[in-house]
$ cat work-v5.pdb   # PDB, C-alpha atoms and all ligand atoms
ATOM      1  CA  MET R  12     -12.765   9.965 -24.759
ATOM      2  CA  PHE R  13     -12.219   6.875 -22.589
ATOM      3  CA  ASP R  14     -15.344   4.693 -22.446
ATOM      4  CA  ALA R  15     -15.140   2.709 -19.159
ATOM      5  CA  GLU R  16     -18.146   0.506 -19.974
ATOM      6  CA  LYS R  17     -16.733  -0.514 -23.343
ATOM      7  CA  PHE R  18     -13.284  -1.062 -21.835
ATOM      8  CA  VAL R  19     -14.646  -3.392 -19.139
ATOM      9  CA  ASN R  20     -16.845  -5.331 -21.593
ATOM     10  CA  ASP R  21     -13.956  -5.778 -24.041
ATOM     11  CA  GLN R  22     -11.606  -7.026 -21.330
ATOM     12  CA  VAL R  23     -14.202  -9.442 -19.928
ATOM     13  CA  LYS R  24     -14.692 -10.862 -23.440
ATOM     14  CA  ALA R  25     -10.931 -11.151 -24.020
ATOM     15  CA  ILE R  26     -10.337 -12.968 -20.702
ATOM     16  CA  LYS R  27     -13.265 -15.350 -21.376
ATOM     17  CA  ALA R  28     -11.683 -16.247 -24.699
ATOM     18  CA  LYS R  29      -8.127 -16.620 -23.369
ATOM     19  CA  VAL R  30      -8.456 -18.267 -19.963
ATOM     20  CA  ASP R  31      -9.420 -21.952 -20.191
ATOM     21  CA  GLY R  32      -8.437 -22.992 -16.651
ATOM     22  CA  LYS R  33      -8.016 -21.479 -13.194
ATOM     23  CA  ALA R  34      -6.431 -18.107 -12.538
ATOM     24  CA  ILE R  35      -5.078 -16.393  -9.456
ATOM     25  CA  ILE R  36      -4.474 -12.740  -8.604
ATOM     26  CA  ALA R  37      -2.608 -11.123  -5.729
ATOM     27  CA  CYS R  38      -4.994  -8.480  -4.468
ATOM     28  CA  SER R  39      -3.620  -5.774  -2.164
ATOM     29  CA  GLY R  40      -6.832  -3.763  -2.015
ATOM     30  CA  GLY R  41      -5.241  -1.059  -4.179
ATOM     31  CA  VAL R  42      -7.252   0.180  -7.124
ATOM     32  CA  ASP R  43      -5.245  -1.597  -9.855
ATOM     33  CA  SER R  44      -5.448  -5.062  -8.344
ATOM     34  CA  VAL R  45      -9.109  -4.705  -7.323
ATOM     35  CA  VAL R  46     -10.232  -3.498 -10.769
ATOM     36  CA  SER R  47      -8.298  -6.371 -12.398
ATOM     37  CA  ALA R  48      -9.829  -8.873  -9.978
ATOM     38  CA  VAL R  49     -13.379  -7.660 -10.629
ATOM     39  CA  ILE R  50     -12.923  -7.741 -14.422
ATOM     40  CA  ALA R  51     -11.398 -11.244 -14.293
ATOM     41  CA  SER R  52     -14.098 -12.430 -11.922
ATOM     42  CA  LYS R  53     -16.813 -11.205 -14.319
ATOM     43  CA  ALA R  54     -15.127 -13.279 -17.023
ATOM     44  CA  ILE R  55     -14.374 -16.567 -15.243
ATOM     45  CA  GLY R  56     -16.285 -16.473 -11.922
ATOM     46  CA  ASP R  57     -14.982 -18.891  -9.293
ATOM     47  CA  ARG R  58     -12.180 -20.103 -11.542
ATOM     48  CA  LEU R  59     -10.475 -16.942 -10.262
ATOM     49  CA  LEU R  60      -8.998 -16.785  -6.765
ATOM     50  CA  ALA R  61      -7.983 -13.388  -5.389
ATOM     51  CA  VAL R  62      -5.398 -13.748  -2.616
ATOM     52  CA  TYR R  63      -4.876 -10.968  -0.111
ATOM     53  CA  VAL R  64      -1.708 -11.542   1.891
ATOM     54  CA  ASP R  65      -1.862 -10.056   5.368
ATOM     55  CA  THR R  66       1.834  -9.336   5.847
ATOM     56  CA  GLY R  67       1.351  -7.864   9.318
ATOM     57  CA  LEU R  68       2.560  -4.593   7.753
ATOM     58  CA  MET R  69      -0.845  -3.244   6.766
ATOM     59  CA  ARG R  70      -2.575  -0.110   8.033
ATOM     60  CA  LYS R  71      -5.102  -0.095  10.854
ATOM     61  CA  GLY R  72      -8.310  -1.892   9.829
ATOM     62  CA  GLU R  73      -7.005  -2.465   6.292
ATOM     63  CA  THR R  74      -7.355  -6.253   6.189
ATOM     64  CA  GLU R  75     -10.983  -6.081   7.334
ATOM     65  CA  GLU R  76     -11.734  -3.315   4.806
ATOM     66  CA  VAL R  77     -10.293  -5.328   1.936
ATOM     67  CA  ARG R  78     -12.090  -8.482   3.106
ATOM     68  CA  ASN R  79     -15.448  -6.648   3.160
ATOM     69  CA  MET R  80     -14.779  -4.986  -0.165
ATOM     70  CA  LEU R  81     -13.978  -8.254  -1.961
ATOM     71  CA  LYS R  82     -17.026  -9.880  -0.358
ATOM     72  CA  ASP R  83     -19.279  -7.022  -1.576
ATOM     73  CA  LEU R  84     -17.796  -7.243  -5.062
ATOM     74  CA  ASN R  85     -18.595 -10.988  -5.231
ATOM     75  CA  VAL R  86     -15.014 -11.946  -5.985
ATOM     76  CA  ASN R  87     -13.832 -15.425  -4.909
ATOM     77  CA  PHE R  88     -11.051 -14.531  -2.429
ATOM     78  CA  LYS R  89      -8.832 -15.766   0.371
ATOM     79  CA  VAL R  90      -7.127 -13.794   3.144
ATOM     80  CA  LEU R  91      -3.791 -15.359   3.981
ATOM     81  CA  ASN R  92      -2.432 -14.479   7.416
ATOM     82  CA  ALA R  93       1.338 -14.551   6.960
ATOM     83  CA  ALA R  94       2.433 -11.974   9.559
ATOM     84  CA  ASP R  95       4.590 -14.469  11.487
ATOM     85  CA  GLU R  96       6.470 -15.483   8.352
ATOM     86  CA  PHE R  97       7.181 -11.836   7.417
ATOM     87  CA  PHE R  98       8.299 -10.834  10.925
ATOM     88  CA  GLY R  99      10.476 -13.946  11.056
ATOM     89  CA  ASP R 100      12.245 -12.986   7.828
ATOM     90  CA  LEU R 101      12.648  -9.352   8.903
ATOM     91  CA  LYS R 102      14.259 -10.163  12.249
ATOM     92  CA  GLY R 103      17.526  -8.261  12.668
ATOM     93  CA  ILE R 104      17.358  -6.490   9.271
ATOM     94  CA  THR R 105      17.794  -2.704   9.353
ATOM     95  CA  GLU R 106      19.093  -1.874   5.862
ATOM     96  CA  PRO R 107      16.222  -0.545   3.656
ATOM     97  CA  GLU R 108      17.009  -2.486   0.480
ATOM     98  CA  ALA R 109      17.497  -5.721   2.430
ATOM     99  CA  LYS R 110      14.078  -5.157   4.038
ATOM    100  CA  ARG R 111      12.414  -4.582   0.686
ATOM    101  CA  LYS R 112      14.049  -7.722  -0.670
ATOM    102  CA  ALA R 113      12.973  -9.864   2.315
ATOM    103  CA  ILE R 114       9.385  -8.602   2.074
ATOM    104  CA  GLY R 115       9.224  -9.108  -1.715
ATOM    105  CA  GLU R 116      10.653 -12.630  -1.507
ATOM    106  CA  ARG R 117       8.351 -13.780   1.272
ATOM    107  CA  PHE R 118       5.406 -12.360  -0.632
ATOM    108  CA  ILE R 119       6.327 -14.411  -3.709
ATOM    109  CA  ARG R 120       6.775 -17.603  -1.629
ATOM    110  CA  CYS R 121       3.304 -17.158  -0.067
ATOM    111  CA  PHE R 122       1.717 -16.480  -3.390
ATOM    112  CA  GLU R 123       3.442 -19.393  -5.156
ATOM    113  CA  ARG R 124       2.088 -21.733  -2.497
ATOM    114  CA  GLU R 125      -1.458 -20.487  -2.976
ATOM    115  CA  ALA R 126      -1.242 -20.676  -6.784
ATOM    116  CA  LYS R 127      -0.111 -24.297  -6.573
ATOM    117  CA  GLU R 128      -2.793 -25.258  -4.081
ATOM    118  CA  PHE R 129      -5.542 -23.668  -6.197
ATOM    119  CA  GLY R 130      -4.205 -25.290  -9.381
ATOM    120  CA  ALA R 131      -3.843 -21.983 -11.216
ATOM    121  CA  LYS R 132      -2.636 -21.925 -14.780
ATOM    122  CA  TYR R 133      -2.944 -18.165 -15.249
ATOM    123  CA  LEU R 134      -1.742 -15.163 -13.269
ATOM    124  CA  VAL R 135      -3.855 -12.002 -13.467
ATOM    125  CA  GLN R 136      -1.888  -8.835 -12.684
ATOM    126  CA  GLY R 137      -2.933  -5.219 -12.268
ATOM    127  CA  THR R 138       0.047  -3.893 -14.235
ATOM    128  CA  ILE R 139      -0.694  -0.480 -15.766
ATOM    129  CA  ALA R 140       1.162   1.431 -18.479
ATOM    130  CA  PRO R 141       3.423   3.526 -16.145
ATOM    131  CA  ASP R 142       4.592   0.332 -14.346
ATOM    132  CA  VAL R 143       6.047  -0.867 -17.617
ATOM    133  CA  ILE R 144       7.577   2.507 -18.442
ATOM    134  CA  GLU R 145       9.017   3.026 -14.927
ATOM    135  CA  SER R 146      10.517  -0.442 -14.698
ATOM    136  CA  GLY R 147      13.348   1.328 -16.488
ATOM    137  CA  LYS R 148      14.648   0.102 -19.762
ATOM    138  CA  ASP R 149      16.778   3.255 -19.850
ATOM    139  CA  GLY R 150      19.509   1.937 -17.573
ATOM    140  CA  LYS R 151      19.063   4.571 -14.821
ATOM    141  CA  GLY R 152      20.201   3.666 -11.307
ATOM    142  CA  VAL R 153      17.604   2.194  -8.997
ATOM    143  CA  VAL R 154      16.652   4.530  -6.131
ATOM    144  CA  LYS R 155      14.538   1.889  -4.413
ATOM    145  CA  SER R 156      13.483  -1.484  -5.666
ATOM    146  CA  HIS R 157       9.730  -0.937  -5.732
ATOM    147  CA  HIS R 158       7.756  -3.928  -4.706
ATOM    148  CA  ASN R 159       4.357  -4.293  -6.292
ATOM    149  CA  VAL R 160       1.868  -7.059  -5.809
ATOM    150  CA  GLY R 161       1.716  -6.788  -9.585
ATOM    151  CA  GLY R 162       5.433  -7.490  -9.893
ATOM    152  CA  LEU R 163       5.451 -11.256  -9.531
ATOM    153  CA  PRO R 164       8.156 -13.164 -11.414
ATOM    154  CA  ALA R 165       7.578 -14.675 -14.817
ATOM    155  CA  GLU R 166       9.373 -17.881 -13.670
ATOM    156  CA  MET R 167       6.279 -18.906 -11.720
ATOM    157  CA  GLY R 168       5.254 -20.828 -14.831
ATOM    158  CA  LEU R 169       1.854 -19.145 -15.045
ATOM    159  CA  GLU R 170       0.533 -17.454 -18.133
ATOM    160  CA  LEU R 171       0.072 -13.713 -17.654
ATOM    161  CA  VAL R 172      -3.228 -11.863 -18.017
ATOM    162  CA  GLU R 173      -2.906  -8.081 -17.701
ATOM    163  CA  PRO R 174      -6.221  -6.360 -18.444
ATOM    164  CA  LEU R 175      -5.032  -2.848 -17.474
ATOM    165  CA  ILE R 176      -1.705  -2.838 -19.300
ATOM    166  CA  GLU R 177      -2.679   0.005 -21.634
ATOM    167  CA  LEU R 178      -4.298   2.234 -19.031
ATOM    168  CA  TYR R 179      -2.965   5.137 -16.965
ATOM    169  CA  LYS R 180      -4.184   5.757 -13.417
ATOM    170  CA  ASP R 181      -7.003   8.008 -14.535
ATOM    171  CA  GLY R 182      -8.442   5.307 -16.823
ATOM    172  CA  VAL R 183      -8.206   2.764 -13.978
ATOM    173  CA  ARG R 184     -10.092   5.164 -11.679
ATOM    174  CA  GLN R 185     -12.818   5.635 -14.292
ATOM    175  CA  ALA R 186     -13.134   1.863 -14.682
ATOM    176  CA  ALA R 187     -13.299   1.547 -10.874
ATOM    177  CA  ARG R 188     -16.099   4.095 -10.679
ATOM    178  CA  TYR R 189     -17.986   2.296 -13.447
ATOM    179  CA  LEU R 190     -17.622  -0.999 -11.535
ATOM    180  CA  GLY R 191     -18.819   0.602  -8.283
ATOM    181  CA  ILE R 192     -15.474   0.111  -6.505
ATOM    182  CA  LYS R 193     -15.058   2.423  -3.527
ATOM    183  CA  VAL R 194     -11.252   2.375  -3.480
ATOM    184  CA  SER R 195     -10.890   4.593  -6.497
ATOM    185  CA  GLU R 196      -9.708   7.703  -4.602
ATOM    186  CA  ARG R 197      -7.512   6.064  -1.917
ATOM    187  CA  GLN R 198      -4.084   7.549  -1.317
ATOM    188  CA  PRO R 199      -1.122   5.495  -2.600
ATOM    189  CA  PHE R 200       0.338   2.930  -0.203
ATOM    190  CA  PRO R 201       3.694   1.224  -0.821
ATOM    191  CA  GLY R 202       3.817  -2.510  -1.618
ATOM    192  CA  PRO R 203       6.096  -3.296   1.391
ATOM    193  CA  GLY R 204       3.560  -1.500   3.593
ATOM    194  CA  LEU R 205       4.483  -0.105   6.990
ATOM    195  CA  GLY R 206       7.790  -1.991   6.693
ATOM    196  CA  VAL R 207       9.272   1.023   4.862
ATOM    197  CA  ARG R 208       7.809   3.453   7.406
ATOM    198  CA  CYS R 209       9.561   1.763  10.292
ATOM    199  CA  LEU R 210      13.236   2.711  10.250
ATOM    200  CA  GLY R 211      15.493   0.253  12.010
ATOM    201  CA  GLU R 212      14.269  -3.234  12.797
ATOM    202  CA  VAL R 213      10.737  -4.171  11.753
ATOM    203  CA  THR R 214       9.223  -5.822  14.827
ATOM    204  CA  PRO R 215       5.537  -6.315  15.746
ATOM    205  CA  GLU R 216       6.003  -3.705  18.508
ATOM    206  CA  ASN R 217       7.563  -1.099  16.172
ATOM    207  CA  ILE R 218       4.892  -1.745  13.556
ATOM    208  CA  SER R 219       2.148  -1.271  16.138
ATOM    209  CA  VAL R 220       3.583   2.200  16.953
ATOM    210  CA  VAL R 221       3.836   3.319  13.335
ATOM    211  CA  ARG R 222       0.414   1.829  12.492
ATOM    212  CA  GLU R 223      -1.269   3.843  15.227
ATOM    213  CA  ALA R 224       0.692   7.014  14.331
ATOM    214  CA  CYS R 225      -0.243   6.632  10.634
ATOM    215  CA  HIS R 226      -3.871   6.198  11.610
ATOM    216  CA  ILE R 227      -3.825   9.386  13.708
ATOM    217  CA  VAL R 228      -2.128  11.413  10.921
ATOM    218  CA  GLU R 229      -4.617  10.139   8.325
ATOM    219  CA  ASP R 230      -7.595  10.708  10.602
ATOM    220  CA  GLU R 231      -6.663  14.260  11.656
ATOM    221  CA  ILE R 232      -5.686  15.368   8.136
ATOM    222  CA  ARG R 233      -8.877  13.973   6.630
ATOM    223  CA  LYS R 234     -10.948  15.750   9.303
ATOM    224  CA  ALA R 235      -9.033  19.032   8.816
ATOM    225  CA  SER R 236      -9.557  18.818   5.081
ATOM    226  CA  SER R 237     -13.281  18.081   5.294
ATOM    227  CA  ASP R 238     -13.601  21.010   7.770
ATOM    228  CA  GLY R 239     -11.954  23.312   5.197
ATOM    229  CA  GLU R 240      -8.771  23.893   7.243
ATOM    230  CA  MET R 241      -6.489  22.554   4.498
ATOM    231  CA  GLU R 242      -6.441  20.855   1.103
ATOM    232  CA  LEU R 243      -6.165  17.073   1.238
ATOM    233  CA  PRO R 244      -2.516  16.287   0.349
ATOM    234  CA  TRP R 245      -1.670  13.665  -2.272
ATOM    235  CA  GLN R 246      -0.161  11.427   0.401
ATOM    236  CA  TYR R 247       0.064  11.797   4.200
ATOM    237  CA  PHE R 248       1.349   9.424   6.845
ATOM    238  CA  ALA R 249       3.772   8.917   9.740
ATOM    239  CA  ALA R 250       7.087   7.079   9.974
ATOM    240  CA  LEU R 251       8.868   5.776  13.069
ATOM    241  CA  LEU R 252      12.493   6.920  13.401
ATOM    242  CA  PRO R 253      15.219   4.676  14.820
ATOM    243  CA  ILE R 254      16.316   7.166  17.479
ATOM    244  CA  ARG R 255      15.382   7.775  21.064
ATOM    245  CA  SER R 256      15.416  11.065  22.897
ATOM    246  CA  VAL R 257      14.903  12.227  26.442
ATOM    247  CA  GLY R 258      11.489  13.427  27.573
ATOM    248  CA  VAL R 259       9.099  13.484  30.509
ATOM    249  CA  HIS R 260       6.261  11.022  31.116
ATOM    250  CA  ASN R 261       4.114  10.843  34.274
ATOM    251  CA  GLY R 262       6.532  13.239  35.994
ATOM    252  CA  GLY R 263       9.591  11.080  35.370
ATOM    253  CA  ARG R 264      12.386  10.852  32.800
ATOM    254  CA  MET R 265      11.633   8.827  29.712
ATOM    255  CA  TYR R 266      13.835   7.790  26.820
ATOM    256  CA  GLY R 267      11.219   7.522  24.080
ATOM    257  CA  ARG R 268      10.646   7.191  20.380
ATOM    258  CA  THR R 269      10.267   9.784  17.639
ATOM    259  CA  VAL R 270       7.537   9.875  15.018
ATOM    260  CA  VAL R 271       7.804  12.007  11.885
ATOM    261  CA  ILE R 272       4.797  13.461  10.038
ATOM    262  CA  ARG R 273       5.058  13.389   6.233
ATOM    263  CA  ALA R 274       2.593  14.953   3.773
ATOM    264  CA  VAL R 275       3.252  15.702   0.102
ATOM    265  CA  LEU R 276       1.638  17.160  -2.982
ATOM    266  CA  SER R 277       2.330  15.268  -6.184
ATOM    267  CA  SER R 278       0.626  14.046  -9.317
ATOM    268  CA  ASP R 279       2.548  10.860 -10.013
ATOM    269  CA  GLY R 280       4.929  10.312  -7.082
ATOM    270  CA  MET R 281       7.980  10.883  -9.295
ATOM    271  CA  THR R 282       8.516  14.341  -7.812
ATOM    272  CA  ALA R 283       6.738  15.848  -4.826
ATOM    273  CA  ARG R 284       6.397  19.081  -2.889
ATOM    274  CA  CYS R 285       6.147  19.060   0.884
ATOM    275  CA  ALA R 286       2.496  19.820   1.767
ATOM    276  CA  GLY R 287       2.009  22.712   4.211
ATOM    277  CA  ILE R 288      -0.013  21.465   7.164
ATOM    278  CA  PRO R 289      -1.439  24.340   9.262
ATOM    279  CA  PHE R 290       0.172  24.560  12.699
ATOM    280  CA  VAL R 291      -3.133  23.931  14.534
ATOM    281  CA  VAL R 292      -3.464  20.621  12.691
ATOM    282  CA  LEU R 293       0.168  19.643  13.417
ATOM    283  CA  ASP R 294      -0.459  20.520  17.050
ATOM    284  CA  ARG R 295      -3.558  18.290  17.211
ATOM    285  CA  ILE R 296      -1.667  15.398  15.593
ATOM    286  CA  SER R 297       1.284  15.784  17.964
ATOM    287  CA  LYS R 298      -0.916  15.986  21.084
ATOM    288  CA  ARG R 299      -2.988  12.995  20.020
ATOM    289  CA  ILE R 300       0.073  10.833  19.277
ATOM    290  CA  THR R 301       1.754  11.668  22.575
ATOM    291  CA  ASP R 302      -1.523  11.370  24.551
ATOM    292  CA  GLU R 303      -2.498   8.035  23.052
ATOM    293  CA  MET R 304       1.036   6.579  22.917
ATOM    294  CA  GLY R 305       2.701   8.591  25.674
ATOM    295  CA  ASP R 306       4.397   5.553  27.148
ATOM    296  CA  ARG R 307       6.223   4.930  23.862
ATOM    297  CA  VAL R 308       6.452   8.157  21.845
ATOM    298  CA  ASN R 309       7.678  11.430  23.348
ATOM    299  CA  ARG R 310       8.656  13.421  20.261
ATOM    300  CA  VAL R 311       6.843  14.322  17.025
ATOM    301  CA  VAL R 312       8.633  16.096  14.162
ATOM    302  CA  TYR R 313       7.560  17.391  10.739
ATOM    303  CA  ASP R 314       9.396  16.569   7.499
ATOM    304  CA  VAL R 315       9.510  19.663   5.233
ATOM    305  CA  THR R 316      11.576  18.203   2.368
ATOM    306  CA  ASP R 317      10.587  17.973  -1.291
ATOM    307  CA  LYS R 318      11.317  15.047  -3.626
ATOM    308  CA  PRO R 319      14.054  15.361  -4.801
ATOM    309  CA  PRO R 320      16.258  15.507  -2.816
ATOM    310  CA  ALA R 321      14.260  13.289  -0.408
ATOM    311  CA  THR R 322      11.913  10.508  -1.497
ATOM    312  CA  ILE R 323       8.302  10.409  -0.342
ATOM    313  CA  GLU R 324       8.719   7.391   1.909
ATOM    314  CA  TRP R 325      11.674   7.366   4.336
ATOM    315  CA  GLU R 326      13.050   4.072   3.013
TER     316      GLU R 326
HETATM  317  P1  LIG R 401       9.200   7.204  -3.081
HETATM  318  O1  LIG R 401       9.356   6.914  -1.632
HETATM  319  O2  LIG R 401      10.061   6.348  -3.958
HETATM  320  O3  LIG R 401       7.716   6.813  -3.431
HETATM  321  O4  LIG R 401       9.352   8.659  -3.413
HETATM  322  C1  LIG R 401       6.993   7.217  -4.571
HETATM  323  C2  LIG R 401       5.576   6.656  -4.461
HETATM  324  O5  LIG R 401       5.617   5.234  -4.560
HETATM  325  C3  LIG R 401       5.146   4.637  -3.360
HETATM  326  N1  LIG R 401       6.033   3.505  -3.099
HETATM  327  C4  LIG R 401       5.784   2.257  -3.519
HETATM  328  N2  LIG R 401       4.726   1.752  -4.174
HETATM  329  N3  LIG R 401       5.724  -0.374  -4.099
HETATM  330  C5  LIG R 401       4.693   0.429  -4.456
HETATM  331  O6  LIG R 401       3.718  -0.067  -5.031
HETATM  332  C6  LIG R 401       6.823   0.072  -3.444
HETATM  333  O7  LIG R 401       7.748  -0.685  -3.132
HETATM  334  C7  LIG R 401       6.855   1.452  -3.130
HETATM  335  N4  LIG R 401       7.756   2.245  -2.508
HETATM  336  C8  LIG R 401       7.246   3.500  -2.493
HETATM  337  C9  LIG R 401       5.204   5.708  -2.293
HETATM  338  O8  LIG R 401       4.249   5.498  -1.267
HETATM  339  C10 LIG R 401       4.912   6.942  -3.127
HETATM  340  O9  LIG R 401       3.528   7.075  -3.374
END

$ encode --input "work-v5.pdb" --output "structure tokens" --more "lines below"
Ligand code: XMP
Amino acid sequence: MFDAEKFVNDQVKAIKAKVDGKAIIACSGGVDSVVSAVIASKAIGDRLLAVYVDTGLMRKGETEEVRNMLKDLNVNFKVLNAADEFFGDLKGITEPEAKRKAIGERFIRCFEREAKEFGAKYLVQGTIAPDVIESGKDGKGVVKSHHNVGGLPAEMGLELVEPLIELYKDGVRQAARYLGIKVSERQPFPGPGLGVRCLGEVTPENISVVREACHIVEDEIRKASSDGEMELPWQYFAALLPIRSVGVHNGGRMYGRTVVIRAVLSSDGMTARCAGIPFVVLDRISKRITDEMGDRVNRVVYDVTDKPPATIEWE
């Protein structure tokens, strides 16, 4: 059986022995990067800097949550506000792979800058066993180029430290629980953030619509699940579609936006089944989105596709 206490102690010892200078970690607030940051911080204290890049593509309240979490965990950290840089790079881009590439590249540039400024010699990454397996040595075609804060390039000239490399998600969650990290049961969130939930151009205005819609979907589904109306799906969110349709707002014609509700059941994200949301819950979500954003959104639809043939995210 996996012994989380022994695992953490062994990794702390190994990092103490290996790391003789400063180290940096890109910390998204996801369980893998937070567990790695806490283990490394136990080993080398303030010689570690955890950098959280606020891309402007994060969920509602997420940056503050991560900031408070890292503060509570006594990790030396910095929040880098880079929203303007990301929106600048994304201007005019609508093709999904081009968006992913722009986001990934800007992320690396930001992180490189921070590593240099801090004088880091080592790069701590939250890579876990499936990341290595899925990075595909089997020559299969790429469906989407997944961007991970863990996936920084080797050419950065930093020596890699990967404390979780032999663990699967369940082991990471056990280590998180042992370390008292609250994030252990969070739903997955893609590296490029709301950028891949905003079809068409990624602008601050479009992101503000999808951020609010995601928040409403998450909030209503969590409430419905804790009230026993439905099981909590594996992942649940909203995406903003790049179409407009005709509707009515304040008694007049409006040509508004469309939001799609997505919820899936899965165990590893590789395949997924559409999660059945009871109609009363869909109705509450739809009413709340159009009440709270009635000047912008006039249509809410429900995605009932499995993966395959769809993917979980829309881009
Ligand atoms: P798809 O959309 O490919 O997503 O069916 C499968 C799972 O992966 C998440 N996802 C990502 N995670 N970087 C990540 O770390 C990414 O670029 C990325 N793209 C998708 C998605 O949310 C789902 O859980």

$ residues_around --input "work-v5.pdb" --residues "Ile296 (chain R)" --least-positions-apart "4" --cutoff "7 Å" --atoms "all atoms listed in the file" --output "ChimeraX atom specification"
/R:227-228,231,292,300

$ residues_near_ligand --input "work-v5.pdb" --ligand "ligand LIG 401 (chain R)" --cutoff "9 Å" --atoms "only C-alpha atoms and all ligand atoms" --output "PyMOL selection string"
chain R and resi 111+115+154-161+198-204+207+245-246+277+279-283+318-319+321-326

$ residues_near_point --input "work-v5.pdb" --point "(-7.2, 7.0, -13.4)" --cutoff "12 Å" --atoms "all atoms listed in the file" --output "list of chain:residue names"
R:Phe13, R:Ala15, R:Val42, R:Asp43, R:Val46, R:Ile139, R:Ala140, R:Pro141, R:Leu175, R:Glu177, R:Leu178, R:Tyr179, R:Lys180, R:Asp181, R:Gly182, R:Val183, R:Arg184, R:Gln185, R:Ala186, R:Ala187, R:Arg188, R:Tyr189, R:Val194, R:Ser195, R:Glu196, R:Arg197, R:Ser278, R:Asp279

$ residues_near_point --input "work-v5.pdb" --point "(16.8, -5.5, 8.2)" --cutoff "12 Å" --atoms "only C-alpha atoms" --output "number ranges by chain"
R: 97-114, 206-207, 209-214, 326

$ atom_distance --input "work-v5.pdb" --atom1 "CA of Leu276 (chain R)" --atom2 "CA of Pro244 (chain R)"
5.4 Å

$ resolve_selection --input "work-v5.pdb" --expression "the PyMOL selection byres (((chain R and resi 126) around 12) and not hetatm)" --output "ChimeraX atom specification"
/R:33-37,58-62,89,119-125,127-135,163,167-170
